[in-house]
Amino acid sequence: MMGNITDSYETLAKIFPNKIAIYTNHQQINYKKWNELVNQTANWLDSLHSENKTIGILLPNGIPFLQLFAGAAKAGWIAVPYDLKWKTTELEKRVKLSNPSIIVTTREIYNRIIRDFPNAISLDDSLRKISRFEANIIKHTQENSPFYIGFTSGTTGNPKAFIRSQDSWVASFDCNRIDFEINESEHVLIPGALIYSHFLYGAISTLYLGGTVYLLDKFSPIEGHSWIQYYPITTMYVVPTMIEAFLKQGNQINKSIKILSSGAKWSESSKMKISIIFPNISMYEFYGASELSFITVLSNQDGIHKAASVGKPCYGVEVQIRLQDQRLAKHNEIGKIYVRSGLIIDGYIDHDGKDVHSIRDEEGWATVHDMGYFDEDGYLYIIGREQNMILYGGINIFPEEIEKVISLHPDVEEVAVIGLVDSYWGQVVVAVVKGKENPLEIRKFCKKYLSSYKIPRKWLFLSEMPYTTSGKIARAELVKLFENKETKTSDE
């Protein structure tokens with residue numbers, strides 16, 4: 001029995017009532033006030049006597065976002081963050097999947113969407129109502145209730161909604177303590193949007209452990225840099241593109257700071273640059289997935305001699321590599337990555353929003369179809385996604401390996417490698433590049449690092465890459481672009 005992601009607030013409010021819990025540009029709030037706000041929010045939600053107990057949050061970064069999220073968890077409700085960047089049609093799809101009883105949003109957005117979403121309520125209205133409720137909690141929620149719906153863009157570009165329960169995050173908080181050595185004395189900078197579970201988790205886990213959250217309105221390397229200089233920041237949650245932005249800015253930060261990174265794998269060259277800009281950094285990269293949470297962690301020390309790996313399994317996490325016939329792979333043998341832990345989601349929600357389909361097998365193992373291998377020292381290496389795999393004349397090629405090489409070329413800003421159907425080979429390798437149009441040069445560069453069969457046969461240069469709503473390159477769209485032959489392609 002683990003409890004609720006807000007369980008520690010009462011104690012924290014008693015032990016250090018005046019300690020700052022959350023700091024933003026506009027306001028700061030101590031643990032005593034934070035605990036009261038969360039309780040009032042829970043009591044307000046409880047008073048609505050909703051059947052499906054689900055609240056949609058369509059808000060920018062700020063204390064209200066975290067207050068509604070934590071208050072919902074405390075009340076035994078489910079919170080669903082929606083992205084402000086979504087168009088109405090994208091929002092409609094996700095609202096239909098998650099089926100919220102109410103959607104809290106800004107006054108400006110409320111006026112725009114109330115016709116399409118009659119259950120919307122403006123933030124000002126909801127805060128006014130919340131303030132009338134008692135600041136101690138009236139009832140306790142049942143154990144391990146679902147509390148969070150998130151979305152992953154499926155391979156088709158259609159969203160998939162997953163749902164997770166309280167225990168999965170409470171168990172993850174142990175990874176913070178044990179794998180990342182984080183405790184109540186941390187001052188944690190959250191520079192990204194709370195709509196992304198990496199940043200939302202960073203904020204909520206810090207509040208559970210009793211640290212102080214510093215929340216940027218939106219990511220800005222200049223503002224992030226000045227906050228690090230000005231405030232006693234000890235830890236920062238990032239994704240690699242943010243560090244690239246800090247690198248571009250070029251200002252050195254001498255503070256000793258812990259960086260927790262998720263998302264894409266760091267290139268060795270950018271690690272070298274980071275250590276110049278942050279000479280006193282300790283860096284923790286972790287490999288995870290929205291559905292599986294933390295899987296492995298690569299600590300600062302291991303990052304040096306095992307730079308290409310994603311580390312070793314996190315606390316309480318088991319990892320297996322299985323071959324196609326489900327046999328366990330040997331060291332250095334590539335197979336599909338399976339994970340078993342208490343951190344996994346309950347499952348995906350049906351399209352009608354009714355049933356939840358578990359992603360675990362009978363023994364509790366789950367996979368998101370990433371491929372990889374363990375070395376003889378037990379470090380995990382990711383090769384790529386099974387669905388991105390290109391089958392060229394019977395050989396498996398992983399685009400991620402080719403992308404890593406091409407992205408090192410100075411003329412390349414961004415690259416995606418895809419497989420195109422070919423009547424003779426089955427599929428051929430194609431590179432889509434954002435950057436200077438220089439196929440011959442880049443091909444020559446590839447020859448140094450890649451076997452000849454891995455070198456792209458066709459090249460397409462774009463001024464902008466298409467993205468999915470979650471900010472990843474939309475590979476399906478790139479395949480369509482090629483198939484329609486609408487764009488000029490340069491063959492070898």
# chains A, B, ... in the order shown; residues from 1 in each chain; ligands from 1
call {"tool": "select_by_dssp", "arguments": {"residues": "region 256-479 of chain A", "states": "alpha helix (DSSP H)", "output": "NGL selection string"}}
result
:A and (268-277 or 302-305 or 399-406 or 439-449 or 475-479)
call {"tool": "select_by_dssp", "arguments": {"residues": "region 169-245 of chain A", "states": "strand (DSSP E)", "output": "ChimeraX atom specification"}}
result
/A:187-190,212-215,235-238
call {"tool": "closest_residue", "arguments": {"among": "A:Asn251, A:Asn30, A:Ser358, A:Ser197", "to": "Asp346 (chain A)", "atoms": "only C-alpha atoms"}}
result
A:Ser358
call {"tool": "closest_residue", "arguments": {"among": "A:Ile382, A:Val188, A:Cys314, A:Ile359", "to": "Ile334 (chain A)", "atoms": "only C-alpha atoms"}}
result
A:Ile382
call {"tool": "residues_around", "arguments": {"residues": "Pro81 (chain A)", "least_positions_apart": "5", "cutoff": "10 Å", "atoms": "only C-alpha atoms", "output": "PyMOL selection string"}}
result
chain A and resi 55-59+65+69+103-104+148-151+194-197+200
